[in-house]
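Working notes, beginning with the structure itself.
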Amino acid sequence: MAKILGIDLGTTNSVAAIVEAGVPRVIENKEGARITPSVVALSKNGERLVGILAKRQAITNPQNTIFSIKRLIGRRFSDSEVEKAKKILPYEIRPSQNEGVEVKMGDRWYRPEEISAMILQKIKMDVEDKLGERITEAVITVPAYFDDSQRAATKAAGEIAGLNVKRILPEPTAAALAYGLDKNINQKILVYDFGGGTFDVSVLEIGDNVIETRGIGGDTFLGGDDFDQRIIEFIIKEYQSQEGIDLSKDPLALQRLKEAAEKAKQELSSLLETEINLPFISAEGGNPKHLYLKLSRSQLENLTRDLVEKSIEIVDKTLKEINLSPKDIDEIILVGGQTRMPLIQQKIKEYFGKEPRKDINPDEVVAIGAAIQAGILQGDVREILLLDVTPLTLAIETLGGIAHPMIPKNTPIPYSKTETFTTAEDNQTAVEIHVVQGERPIARDNKTLARFILDGIPPAPRGIPQIEVVFDIDVNGILTVTAKDKATNKTQSVKIESSTNLSKEEIEKLKREAELYAEEDLKKKNLAEVKNQADNIIYQARKILNEYQDKITPEIKTMIETKIKELEEAKNYDNLEIIENKIKELSATLSQIGQKFYQQNQDNVNQ
Amino acid sequence: MTNEEKLPSEPETIKELEELIAKLEKEKEEYLSGWKRAKVDLLNYQKEMEEKIKNIINFANANIVLDLTAVLDSLDLAVNSLSDEDREKNLGKGYILIQNQILDILKKYGLEVIDPQKEKFNPNFHEAIATKKCEKENCQEDDDNLIIEVYSRGYLLNGKLLRPAKVKVIVH
């Protein structure tokens, strides 16, 4: 089945997202950006440009560059919004035959849905390119205040672009879906959406299988751009008072200021102070002039406090209109990049007395929600193949009683893991496979699932035999543990039926225990590891004594033997430090032999 | 009688079995398509990841280089503000040397300069931030869309646009 695309078709920018394997993600466009400007143009050489390319050439070609088409789509020419838009939009707008709107681009007149279709088509093509498959269906979001005619026109735009529009979804509803709040029956949710150019408030009520919009408010001419503008004005004023130069007349200076202002605004969301550093911003009588000033978060807040307060007033008004008070709201969702501003988050918290939800990227949350709705329609979210996971870690006991994890907890099944182990003693002909379940590092503290012996291993020094152990959980949660001696291919295995079907209480109990004993367990594990180390070095030491017995002087032999004895004694006491010290001593003594041998060899050579 | 009793129940059983088969077939279809979808998703994902890893290797430095282009801009402005006389002085020469030095380093990492002086405007590489009406008596078609001033140079990193050049363009 083909995938359904989720599209946030915005006034200034659009975002596309898709659900894959049950997880929504934003798809980058051809230019590698996660956001596509909602701009369409017919360039001077007759080429149609969409997105960032159209935006870059906008001022060279203002009559043929169409932006903010969302302000016109599905409207009647006589609407007051169209009247307002006409004043700020540089392209030609005229009434269409059916009292709608038409805009001119090149020498043709287009209906707004045709322009929106061009944006959708680019998005569709870029996604197809990226995913390597055809996209024919989509869920498109619209503002909650869009009426039937605006929704129908948006749907038509999708159809023109070659997309079967499965649903037109209100933006706040999409945001709620993104946060998975559609399951919180009877809750009331407020969506605070501060976009680049518009501000929207919506109150949603979650019902059984339906999300109802209870109230809406907003200001179509209040947005994040106003904050940037305030910073730019501030810098211009500061610079004028410092240097007596007006930067607002210089297009390059203005451009640099605009970028610096945006950057400063973003940085002040995480920093308390930022520097605006623009060398060679202007020149006076051949003398270059620089701009350097510091902007603090509190300065920015003072510059823009009225904008934030205005938005809170709109929230207040919207709630009053539907007879709700702030405490009636269960969740607040933040949408739009401007909501990253700490002052906004603080004011919302003050007003509602609770923290707003903000963990999903506010620029992408609507597209993510659209993708989730699309996923539900394509059957990928609700009916997603629910993969079982292992509730607890499955491990095997290794040297020193340590539980060596084979399959960590929360691993989706079916799953298989192979690892090769070896023997701990010389000429060991059998190994015990001890399968345990649980989170504690020492095997015996966990639940034993099975124990079996693989024997018939040909005698060999420790570390030489290779025992391959396979943990395999099938789709029904049945664990098969197989041990195989690679030299003889002798195999032994066991089937464990109950590796996943623990009761909830049992799992919780085991997890709690693991947490409770975490510190103590770690100590035990470290101790066991040090003891393993001790065994290892004792083994090495004995081997050296054996192999070089004729070359080692009796004093050194006694010294090593004493150190071995001391270490073996230390092992009997569970004191990590003492064992470690004795290991160090033995290893130092051993390296002395190495030096002696080396010297002897040198002497031989010299002779 | 016994036959009559059996008859209605037999088709019933067959019908039940047929329903069961239909149900199982539907389930089988669902599982098969789900499995295929998962496989396709995985293949696509692998392809995309390969691409992504290639990009990460090529463009791991993109962010830091992009930030450094602000310094390059300042250096460009510094050098451009030098008078001919200044250029001959050691201090002025020093500016130019520093500019060359940093550009040389960044070029090693795949940086290319876009300096579209007197070229035709192309939104694939240029961003128009100002325009100028053509002042000639008879403006030629050729003059339209010509870049007459480069405010800040653009940059490509490993052949991909890092930042467009910001330019002033002639319009009719």
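Note on naming: chains are A, B, ... as they come in the structure tokens, residues start from 1 per chain, ligands start from 1 in the order shown.
Residues lying within 12 Å of A:Asp328, counting only C-alpha atoms and ignoring same-chain neighbours fewer than 2 positions away, are Asn186, Gln187, Lys188, Ile189, Leu190, Val203, Leu204, Glu205, Leu319, Lys320, Ile322, Asn323, Leu324, Ser325, Pro326, Asp330, Glu331, Ile332, Tyr351, Phe352, Gly353 and Lys354 of chain A.
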Store the residues of this selection in a file with N, CA and C atoms, as a compact mmCIF listing (two decimals), in the first residue's frame.
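And here's result09.txt as it stands now:
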```txt
# COMPACT_ATOMS: atom_id res chain seq x y z
N ASN A 186 -12.21 13.74 27.01
CA ASN A 186 -12.80 14.78 27.85
C ASN A 186 -11.83 15.87 28.27
N GLN A 187 -10.60 15.81 27.82
CA GLN A 187 -9.68 16.89 28.18
C GLN A 187 -9.88 18.08 27.25
N LYS A 188 -9.49 19.25 27.79
CA LYS A 188 -9.53 20.46 26.96
C LYS A 188 -8.10 20.91 26.72
N ILE A 189 -7.82 21.21 25.46
CA ILE A 189 -6.45 21.53 25.07
C ILE A 189 -6.42 22.89 24.40
N LEU A 190 -5.45 23.71 24.79
CA LEU A 190 -5.30 24.99 24.13
C LEU A 190 -4.04 24.96 23.27
N VAL A 203 -9.02 26.25 21.07
CA VAL A 203 -9.32 25.40 22.21
C VAL A 203 -9.99 24.14 21.67
N LEU A 204 -9.43 22.99 22.01
CA LEU A 204 -9.96 21.72 21.53
C LEU A 204 -10.55 20.94 22.69
N GLU A 205 -11.57 20.15 22.37
CA GLU A 205 -12.07 19.23 23.38
C GLU A 205 -12.01 17.83 22.78
N LEU A 319 -10.77 32.36 25.62
CA LEU A 319 -11.34 31.51 26.67
C LEU A 319 -12.65 32.10 27.20
N LYS A 320 -12.66 33.42 27.40
CA LYS A 320 -13.86 34.07 27.93
C LYS A 320 -15.04 33.86 26.99
N ILE A 322 -15.83 31.42 25.28
CA ILE A 322 -16.49 30.12 25.40
C ILE A 322 -16.69 29.75 26.87
N ASN A 323 -16.68 30.79 27.71
CA ASN A 323 -16.95 30.62 29.14
C ASN A 323 -16.03 29.61 29.81
N LEU A 324 -14.76 29.68 29.49
CA LEU A 324 -13.81 28.81 30.18
C LEU A 324 -12.81 29.69 30.92
N SER A 325 -12.24 29.14 31.97
CA SER A 325 -11.18 29.86 32.67
C SER A 325 -9.88 29.08 32.49
N PRO A 326 -8.74 29.72 32.75
CA PRO A 326 -7.46 29.05 32.50
C PRO A 326 -7.37 27.68 33.17
N ASP A 330 -6.55 21.53 30.25
CA ASP A 330 -5.72 20.44 30.76
C ASP A 330 -4.31 20.47 30.18
N GLU A 331 -4.20 20.84 28.90
CA GLU A 331 -2.89 20.84 28.27
C GLU A 331 -2.75 22.07 27.38
N ILE A 332 -1.55 22.62 27.32
CA ILE A 332 -1.28 23.73 26.41
C ILE A 332 -0.17 23.26 25.46
N TYR A 351 -0.02 32.34 33.32
CA TYR A 351 -1.44 32.49 33.04
C TYR A 351 -2.21 31.21 33.37
N PHE A 352 -1.65 30.06 32.97
CA PHE A 352 -2.38 28.80 33.16
C PHE A 352 -2.00 28.08 34.45
N GLY A 353 -0.87 28.47 35.03
CA GLY A 353 -0.42 27.77 36.23
C GLY A 353 0.11 26.38 35.93
N LYS A 354 0.43 26.10 34.69
CA LYS A 354 1.07 24.82 34.36
C LYS A 354 1.99 24.95 33.16
```
**Study point:** Check: which chain B residues lie within 8 Å of chain A using only C-alpha atoms, as a ChimeraX atom specification
**Key:** /B:33-34,37-38,41,44,48,74,77-78,81,123-124,126-131,145,151,169-171
A:Val39 surroundings by only C-alpha atoms, 6 Å radius, close-in-sequence under 2 positions cut, as a PDB file with C-alpha atoms, in the first residue's frame:
```
ATOM      1  CA  PRO A  37       8.881  28.619   1.642  1.00  0.00           C
ATOM      2  CA  VAL A  50       8.778  27.188  -6.166  1.00  0.00           C
ATOM      3  CA  GLY A  51      10.142  27.513  -2.641  1.00  0.00           C
ATOM      4  CA  ALA A  54      11.240  31.761  -5.863  1.00  0.00           C
ATOM      5  CA  ILE A  66       3.229  34.953  -5.395  1.00  0.00           C
ATOM      6  CA  PHE A  67       3.499  34.550  -1.622  1.00  0.00           C
TER       7      PHE A  67
END
```
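Within 8 Å of stretch 556-571 of chain A, once only C-alpha atoms are used and residues closer than 2 positions along the same chain are dropped, the contacting residues are A:Lys531, A:Ala534, A:Ile538, A:Ala541, A:Leu545, A:Ile552, A:Thr553, A:Pro554, A:Tyr573, A:Asp574, A:Asn575, A:Ile578, A:Ile579, A:Lys582, A:Ile583, A:Glu585, A:Leu586, A:Thr589, A:Leu590, A:Ile593.
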Those same residues, written as a PDB file, in the first residue's frame with N, CA and C atoms?
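Below is the file selection31.pdb, written as the result:
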```pdb
ATOM      1  N   LYS A 531      38.423 -10.481  40.699  1.00  0.00           N
ATOM      2  CA  LYS A 531      38.813 -11.855  41.020  1.00  0.00           C
ATOM      3  C   LYS A 531      39.155 -12.620  39.741  1.00  0.00           C
ATOM      4  N   ALA A 534      42.512 -11.658  38.836  1.00  0.00           N
ATOM      5  CA  ALA A 534      43.475 -12.309  39.720  1.00  0.00           C
ATOM      6  C   ALA A 534      43.735 -13.731  39.234  1.00  0.00           C
ATOM      7  N   ILE A 538      47.341 -15.200  37.966  1.00  0.00           N
ATOM      8  CA  ILE A 538      47.929 -16.356  38.660  1.00  0.00           C
ATOM      9  C   ILE A 538      48.228 -17.452  37.642  1.00  0.00           C
ATOM     10  N   ALA A 541      51.227 -16.512  35.659  1.00  0.00           N
ATOM     11  CA  ALA A 541      52.443 -16.617  36.468  1.00  0.00           C
ATOM     12  C   ALA A 541      52.885 -18.071  36.551  1.00  0.00           C
ATOM     13  N   LEU A 545      56.345 -19.788  35.271  1.00  0.00           N
ATOM     14  CA  LEU A 545      57.211 -20.579  36.156  1.00  0.00           C
ATOM     15  C   LEU A 545      57.494 -21.936  35.522  1.00  0.00           C
ATOM     16  N   ILE A 552      64.789 -19.445  35.357  1.00  0.00           N
ATOM     17  CA  ILE A 552      64.476 -18.536  36.457  1.00  0.00           C
ATOM     18  C   ILE A 552      65.309 -18.893  37.686  1.00  0.00           C
ATOM     19  N   THR A 553      65.889 -17.848  38.280  1.00  0.00           N
ATOM     20  CA  THR A 553      66.705 -18.096  39.468  1.00  0.00           C
ATOM     21  C   THR A 553      65.782 -18.481  40.625  1.00  0.00           C
ATOM     22  N   PRO A 554      66.310 -19.260  41.562  1.00  0.00           N
ATOM     23  CA  PRO A 554      65.486 -19.706  42.690  1.00  0.00           C
ATOM     24  C   PRO A 554      64.888 -18.536  43.480  1.00  0.00           C
ATOM     25  N   TYR A 573      39.127 -12.838  50.640  1.00  0.00           N
ATOM     26  CA  TYR A 573      38.419 -11.757  51.306  1.00  0.00           C
ATOM     27  C   TYR A 573      37.855 -10.842  50.235  1.00  0.00           C
ATOM     28  N   ASP A 574      36.643 -10.381  50.468  1.00  0.00           N
ATOM     29  CA  ASP A 574      36.010  -9.571  49.431  1.00  0.00           C
ATOM     30  C   ASP A 574      36.450  -8.118  49.516  1.00  0.00           C
ATOM     31  N   ASN A 575      37.761  -7.916  49.481  1.00  0.00           N
ATOM     32  CA  ASN A 575      38.221  -6.529  49.514  1.00  0.00           C
ATOM     33  C   ASN A 575      38.892  -6.177  48.187  1.00  0.00           C
ATOM     34  N   ILE A 578      42.559  -4.601  48.237  1.00  0.00           N
ATOM     35  CA  ILE A 578      43.656  -5.513  48.566  1.00  0.00           C
ATOM     36  C   ILE A 578      43.947  -6.405  47.371  1.00  0.00           C
ATOM     37  N   ILE A 579      42.906  -6.957  46.769  1.00  0.00           N
ATOM     38  CA  ILE A 579      43.137  -7.852  45.622  1.00  0.00           C
ATOM     39  C   ILE A 579      43.842  -7.088  44.510  1.00  0.00           C
ATOM     40  N   LYS A 582      47.454  -6.648  45.260  1.00  0.00           N
ATOM     41  CA  LYS A 582      48.228  -7.886  45.120  1.00  0.00           C
ATOM     42  C   LYS A 582      48.416  -8.231  43.633  1.00  0.00           C
ATOM     43  N   ILE A 583      47.402  -7.909  42.839  1.00  0.00           N
ATOM     44  CA  ILE A 583      47.540  -8.141  41.392  1.00  0.00           C
ATOM     45  C   ILE A 583      48.694  -7.306  40.866  1.00  0.00           C
ATOM     46  N   GLU A 585      51.239  -6.122  42.482  1.00  0.00           N
ATOM     47  CA  GLU A 585      52.538  -6.627  42.962  1.00  0.00           C
ATOM     48  C   GLU A 585      52.998  -7.814  42.124  1.00  0.00           C
ATOM     49  N   LEU A 586      52.067  -8.757  41.898  1.00  0.00           N
ATOM     50  CA  LEU A 586      52.437  -9.942  41.132  1.00  0.00           C
ATOM     51  C   LEU A 586      52.844  -9.560  39.713  1.00  0.00           C
ATOM     52  N   THR A 589      56.267  -8.096  39.671  1.00  0.00           N
ATOM     53  CA  THR A 589      57.296  -9.129  39.797  1.00  0.00           C
ATOM     54  C   THR A 589      57.500  -9.851  38.470  1.00  0.00           C
ATOM     55  N   LEU A 590      56.373 -10.142  37.812  1.00  0.00           N
ATOM     56  CA  LEU A 590      56.464 -10.852  36.533  1.00  0.00           C
ATOM     57  C   LEU A 590      57.225 -10.028  35.507  1.00  0.00           C
ATOM     58  N   ILE A 593      60.915 -10.375  35.570  1.00  0.00           N
ATOM     59  CA  ILE A 593      61.480 -11.525  34.855  1.00  0.00           C
ATOM     60  C   ILE A 593      61.696 -11.163  33.399  1.00  0.00           C
TER      61      ILE A 593
END
```
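Taking atom CA of B:Asn61 as the reference point, atom CA of B:Gln46 is found at 23.4 Å.
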Point to revise | stretch 285-419 of chain A: residues DSSP assigns to helix (DSSP H, G or I), reported as an MDAnalysis selection string | key: chainID A and resid 297:321 326:328 337:340 342:352 365:377 399:401
Could those residues be written to a file, using C-alpha atoms, as a PDB file, in the first residue's frame?
```pdb
ATOM      1  CA  ARG A 297      17.550  38.610  27.083  1.00  0.00           C
ATOM      2  CA  SER A 298      15.900  41.127  29.374  1.00  0.00           C
ATOM      3  CA  GLN A 299      16.507  43.896  26.809  1.00  0.00           C
ATOM      4  CA  LEU A 300      14.847  41.775  24.143  1.00  0.00           C
ATOM      5  CA  GLU A 301      11.973  41.081  26.511  1.00  0.00           C
ATOM      6  CA  ASN A 302      11.514  44.788  27.147  1.00  0.00           C
ATOM      7  CA  LEU A 303      11.511  45.457  23.410  1.00  0.00           C
ATOM      8  CA  THR A 304       8.810  42.890  22.710  1.00  0.00           C
ATOM      9  CA  ARG A 305       6.862  42.536  25.963  1.00  0.00           C
ATOM     10  CA  ASP A 306       3.783  44.219  24.498  1.00  0.00           C
ATOM     11  CA  LEU A 307       3.652  41.662  21.647  1.00  0.00           C
ATOM     12  CA  VAL A 308       3.724  38.772  24.106  1.00  0.00           C
ATOM     13  CA  GLU A 309       1.145  40.423  26.348  1.00  0.00           C
ATOM     14  CA  LYS A 310      -1.086  41.017  23.355  1.00  0.00           C
ATOM     15  CA  SER A 311      -0.993  37.299  22.574  1.00  0.00           C
ATOM     16  CA  ILE A 312      -1.928  36.429  26.157  1.00  0.00           C
ATOM     17  CA  GLU A 313      -4.824  38.913  25.976  1.00  0.00           C
ATOM     18  CA  ILE A 314      -6.049  37.116  22.860  1.00  0.00           C
ATOM     19  CA  VAL A 315      -5.821  33.789  24.726  1.00  0.00           C
ATOM     20  CA  ASP A 316      -7.806  35.307  27.585  1.00  0.00           C
ATOM     21  CA  LYS A 317     -10.439  36.709  25.255  1.00  0.00           C
ATOM     22  CA  THR A 318     -10.780  33.386  23.418  1.00  0.00           C
ATOM     23  CA  LEU A 319     -11.337  31.508  26.675  1.00  0.00           C
ATOM     24  CA  LYS A 320     -13.863  34.069  27.935  1.00  0.00           C
ATOM     25  CA  GLU A 321     -15.843  33.784  24.702  1.00  0.00           C
ATOM     26  CA  PRO A 326      -7.461  29.050  32.499  1.00  0.00           C
ATOM     27  CA  LYS A 327      -7.828  26.249  35.032  1.00  0.00           C
ATOM     28  CA  ASP A 328     -10.284  24.422  32.759  1.00  0.00           C
ATOM     29  CA  GLY A 337       9.170  28.946  16.117  1.00  0.00           C
ATOM     30  CA  GLN A 338       8.476  32.097  18.120  1.00  0.00           C
ATOM     31  CA  THR A 339       7.203  29.992  21.046  1.00  0.00           C
ATOM     32  CA  ARG A 340      10.822  29.060  21.800  1.00  0.00           C
ATOM     33  CA  PRO A 342      11.421  31.964  27.218  1.00  0.00           C
ATOM     34  CA  LEU A 343       9.260  35.003  27.981  1.00  0.00           C
ATOM     35  CA  ILE A 344       6.344  33.470  26.064  1.00  0.00           C
ATOM     36  CA  GLN A 345       6.698  30.170  27.886  1.00  0.00           C
ATOM     37  CA  GLN A 346       6.920  31.980  31.207  1.00  0.00           C
ATOM     38  CA  LYS A 347       3.835  34.121  30.540  1.00  0.00           C
ATOM     39  CA  ILE A 348       1.843  31.068  29.512  1.00  0.00           C
ATOM     40  CA  LYS A 349       2.932  29.250  32.624  1.00  0.00           C
ATOM     41  CA  GLU A 350       1.922  32.226  34.747  1.00  0.00           C
ATOM     42  CA  TYR A 351      -1.444  32.492  33.040  1.00  0.00           C
ATOM     43  CA  PHE A 352      -2.376  28.796  33.156  1.00  0.00           C
ATOM     44  CA  VAL A 365       4.600  19.680  15.092  1.00  0.00           C
ATOM     45  CA  VAL A 366       1.682  20.362  12.708  1.00  0.00           C
ATOM     46  CA  ALA A 367       3.259  18.379   9.845  1.00  0.00           C
ATOM     47  CA  ILE A 368       4.062  15.558  12.267  1.00  0.00           C
ATOM     48  CA  GLY A 369       0.407  15.522  13.350  1.00  0.00           C
ATOM     49  CA  ALA A 370      -0.720  15.444   9.715  1.00  0.00           C
ATOM     50  CA  ALA A 371       1.589  12.482   9.105  1.00  0.00           C
ATOM     51  CA  ILE A 372       0.152  10.686  12.135  1.00  0.00           C
ATOM     52  CA  GLN A 373      -3.374  11.233  10.814  1.00  0.00           C
ATOM     53  CA  ALA A 374      -2.151   9.919   7.446  1.00  0.00           C
ATOM     54  CA  GLY A 375      -0.590   6.953   9.230  1.00  0.00           C
ATOM     55  CA  ILE A 376      -3.900   6.160  10.923  1.00  0.00           C
ATOM     56  CA  LEU A 377      -5.616   6.290   7.521  1.00  0.00           C
ATOM     57  CA  LEU A 399      33.393 -16.576  34.756  1.00  0.00           C
ATOM     58  CA  GLY A 400      33.069 -15.377  38.330  1.00  0.00           C
ATOM     59  CA  GLY A 401      29.271 -15.588  38.313  1.00  0.00           C
TER      60      GLY A 401
END
```
Exercise for review: Once DSSP has gone over the backbone, tell me which residues of stretch 492-606 of chain A are in strand (DSSP E), as a VMD selection string.
Suggested key: chain A and resid 492 to 496
Could you save those same residues with N, CA and C atoms as an mmCIF file, in the first residue's frame?
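File again.cif, as written:
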```
data_model
loop_
_atom_site.group_PDB
_atom_site.id
_atom_site.type_symbol
_atom_site.label_atom_id
_atom_site.label_comp_id
_atom_site.auth_asym_id
_atom_site.auth_seq_id
_atom_site.Cartn_x
_atom_site.Cartn_y
_atom_site.Cartn_z
ATOM 1 N N GLN A 492 24.203 -28.699 21.988
ATOM 2 C CA GLN A 492 23.250 -28.978 23.060
ATOM 3 C C GLN A 492 22.302 -27.771 23.099
ATOM 4 N N SER A 493 21.012 -28.030 23.225
ATOM 5 C CA SER A 493 20.161 -26.843 23.291
ATOM 6 C C SER A 493 18.978 -27.053 24.211
ATOM 7 N N VAL A 494 18.333 -25.918 24.534
ATOM 8 C CA VAL A 494 17.186 -25.991 25.426
ATOM 9 C C VAL A 494 16.152 -24.971 24.952
ATOM 10 N N LYS A 495 14.879 -25.306 25.154
ATOM 11 C CA LYS A 495 13.796 -24.424 24.736
ATOM 12 C C LYS A 495 13.128 -23.868 25.993
ATOM 13 N N ILE A 496 12.938 -22.572 26.037
ATOM 14 C CA ILE A 496 12.302 -21.975 27.212
ATOM 15 C C ILE A 496 11.049 -21.241 26.752
#
```
Point to revise | For stretch 216-225 of chain A: contacts at 6 Å, only C-alpha atoms, fewer than 2 positions along chain excluded, given as a VMD selection string | key: chain A and resid 195 to 202 227 to 228 318 338
Could you write out that same residue set with N, CA and C atoms as a PDB file, in the first residue's frame?
```
ATOM      1  N   GLY A 195       3.172  31.837  14.659  1.00  0.00           N
ATOM      2  CA  GLY A 195       3.918  31.600  13.421  1.00  0.00           C
ATOM      3  C   GLY A 195       4.745  32.817  13.044  1.00  0.00           C
ATOM      4  N   GLY A 196       5.306  32.788  11.816  1.00  0.00           N
ATOM      5  CA  GLY A 196       6.116  33.901  11.356  1.00  0.00           C
ATOM      6  C   GLY A 196       5.283  35.161  11.167  1.00  0.00           C
ATOM      7  N   GLY A 197       4.076  34.995  10.623  1.00  0.00           N
ATOM      8  CA  GLY A 197       3.277  36.163  10.308  1.00  0.00           C
ATOM      9  C   GLY A 197       1.897  36.190  10.936  1.00  0.00           C
ATOM     10  N   THR A 198       1.494  35.090  11.561  1.00  0.00           N
ATOM     11  CA  THR A 198       0.147  35.043  12.131  1.00  0.00           C
ATOM     12  C   THR A 198       0.169  34.432  13.527  1.00  0.00           C
ATOM     13  N   PHE A 199      -0.831  34.803  14.316  1.00  0.00           N
ATOM     14  CA  PHE A 199      -0.953  34.224  15.647  1.00  0.00           C
ATOM     15  C   PHE A 199      -2.346  33.607  15.784  1.00  0.00           C
ATOM     16  N   ASP A 200      -2.390  32.335  16.187  1.00  0.00           N
ATOM     17  CA  ASP A 200      -3.677  31.639  16.318  1.00  0.00           C
ATOM     18  C   ASP A 200      -3.796  30.968  17.676  1.00  0.00           C
ATOM     19  N   VAL A 201      -4.998  31.053  18.242  1.00  0.00           N
ATOM     20  CA  VAL A 201      -5.302  30.319  19.467  1.00  0.00           C
ATOM     21  C   VAL A 201      -6.482  29.409  19.176  1.00  0.00           C
ATOM     22  N   SER A 202      -6.420  28.159  19.611  1.00  0.00           N
ATOM     23  CA  SER A 202      -7.571  27.273  19.449  1.00  0.00           C
ATOM     24  C   SER A 202      -7.760  26.485  20.731  1.00  0.00           C
ATOM     25  N   PHE A 227       8.860  40.470  16.018  1.00  0.00           N
ATOM     26  CA  PHE A 227       9.931  40.458  17.029  1.00  0.00           C
ATOM     27  C   PHE A 227      11.261  40.830  16.376  1.00  0.00           C
ATOM     28  N   ASP A 228      11.519  40.241  15.190  1.00  0.00           N
ATOM     29  CA  ASP A 228      12.756  40.563  14.468  1.00  0.00           C
ATOM     30  C   ASP A 228      12.808  42.061  14.171  1.00  0.00           C
ATOM     31  N   THR A 318     -10.255  34.604  24.039  1.00  0.00           N
ATOM     32  CA  THR A 318     -10.780  33.386  23.418  1.00  0.00           C
ATOM     33  C   THR A 318     -11.432  32.490  24.464  1.00  0.00           C
ATOM     34  N   GLN A 338       8.397  31.014  17.148  1.00  0.00           N
ATOM     35  CA  GLN A 338       8.476  32.097  18.120  1.00  0.00           C
ATOM     36  C   GLN A 338       8.227  31.607  19.551  1.00  0.00           C
TER      37      GLN A 338
END
```
**Study point:** Who sits within 8 Å of A:Ala157, only C-alpha atoms, same chain under 5 positions skipped, as a PyMOL selection string
**Key:** chain A and resi 113-117+120
Output of the above residues as an mmCIF file, in the first residue's frame, restricted to all heavy atoms:
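Output below, filename selection07.cif:
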```cif
data_model
loop_
_atom_site.group_PDB
_atom_site.id
_atom_site.type_symbol
_atom_site.label_atom_id
_atom_site.label_comp_id
_atom_site.auth_asym_id
_atom_site.auth_seq_id
_atom_site.Cartn_x
_atom_site.Cartn_y
_atom_site.Cartn_z
ATOM 1 N N GLU A 113 -6.025 28.223 -5.649
ATOM 2 C CA GLU A 113 -5.783 26.782 -5.493
ATOM 3 C C GLU A 113 -4.760 26.264 -6.499
ATOM 4 O O GLU A 113 -4.045 25.312 -6.225
ATOM 5 C CB GLU A 113 -7.077 25.959 -5.540
ATOM 6 C CG GLU A 113 -8.090 26.327 -6.595
ATOM 7 C CD GLU A 113 -9.112 27.335 -6.083
ATOM 8 O OE1 GLU A 113 -8.686 28.378 -5.552
ATOM 9 O OE2 GLU A 113 -10.319 27.095 -6.236
ATOM 10 N N GLU A 114 -4.682 26.950 -7.668
ATOM 11 C CA GLU A 114 -3.667 26.525 -8.645
ATOM 12 C C GLU A 114 -2.268 26.861 -8.134
ATOM 13 O O GLU A 114 -1.318 26.098 -8.333
ATOM 14 C CB GLU A 114 -3.898 27.227 -9.987
ATOM 15 C CG GLU A 114 -5.141 26.755 -10.720
ATOM 16 C CD GLU A 114 -5.341 27.527 -12.015
ATOM 17 O OE1 GLU A 114 -5.988 28.599 -11.962
ATOM 18 O OE2 GLU A 114 -4.828 27.091 -13.056
ATOM 19 N N ILE A 115 -2.149 28.013 -7.460
ATOM 20 C CA ILE A 115 -0.843 28.412 -6.912
ATOM 21 C C ILE A 115 -0.451 27.445 -5.785
ATOM 22 O O ILE A 115 0.661 26.918 -5.734
ATOM 23 C CB ILE A 115 -0.901 29.861 -6.376
ATOM 24 C CG1 ILE A 115 -1.299 30.830 -7.485
ATOM 25 C CG2 ILE A 115 0.438 30.248 -5.733
ATOM 26 C CD1 ILE A 115 -0.281 31.014 -8.575
ATOM 27 N N SER A 116 -1.418 27.205 -4.862
ATOM 28 C CA SER A 116 -1.136 26.261 -3.766
ATOM 29 C C SER A 116 -0.759 24.896 -4.333
ATOM 30 O O SER A 116 0.100 24.203 -3.787
ATOM 31 C CB SER A 116 -2.363 26.119 -2.857
ATOM 32 O OG SER A 116 -2.509 27.280 -2.084
ATOM 33 N N ALA A 117 -1.410 24.530 -5.449
ATOM 34 C CA ALA A 117 -1.119 23.233 -6.066
ATOM 35 C C ALA A 117 0.343 23.155 -6.499
ATOM 36 O O ALA A 117 0.969 22.108 -6.407
ATOM 37 C CB ALA A 117 -2.041 23.000 -7.263
ATOM 38 N N LEU A 120 2.308 22.348 -3.481
ATOM 39 C CA LEU A 120 2.088 20.946 -3.115
ATOM 40 C C LEU A 120 2.807 20.007 -4.079
ATOM 41 O O LEU A 120 3.347 18.976 -3.686
ATOM 42 C CB LEU A 120 0.582 20.637 -3.099
ATOM 43 C CG LEU A 120 -0.195 21.322 -1.980
ATOM 44 C CD1 LEU A 120 -1.697 21.144 -2.186
ATOM 45 C CD2 LEU A 120 0.221 20.776 -0.617
#
```
Exercise for review: Compile the contact shell of A:Asn29 as a PyMOL selection string: residues with an atom at most 8 Å away, counting only C-alpha atoms, same-chain residues fewer than 6 positions apart removed.
Suggested key: chain A and resi 35-36+123+126-127+130
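Between B:Phe125 and the residues B:Leu156, B:Ile148, B:Ile96, B:Ile105, the shortest atom-to-atom distance, using only C-alpha atoms, involves B:Leu156.
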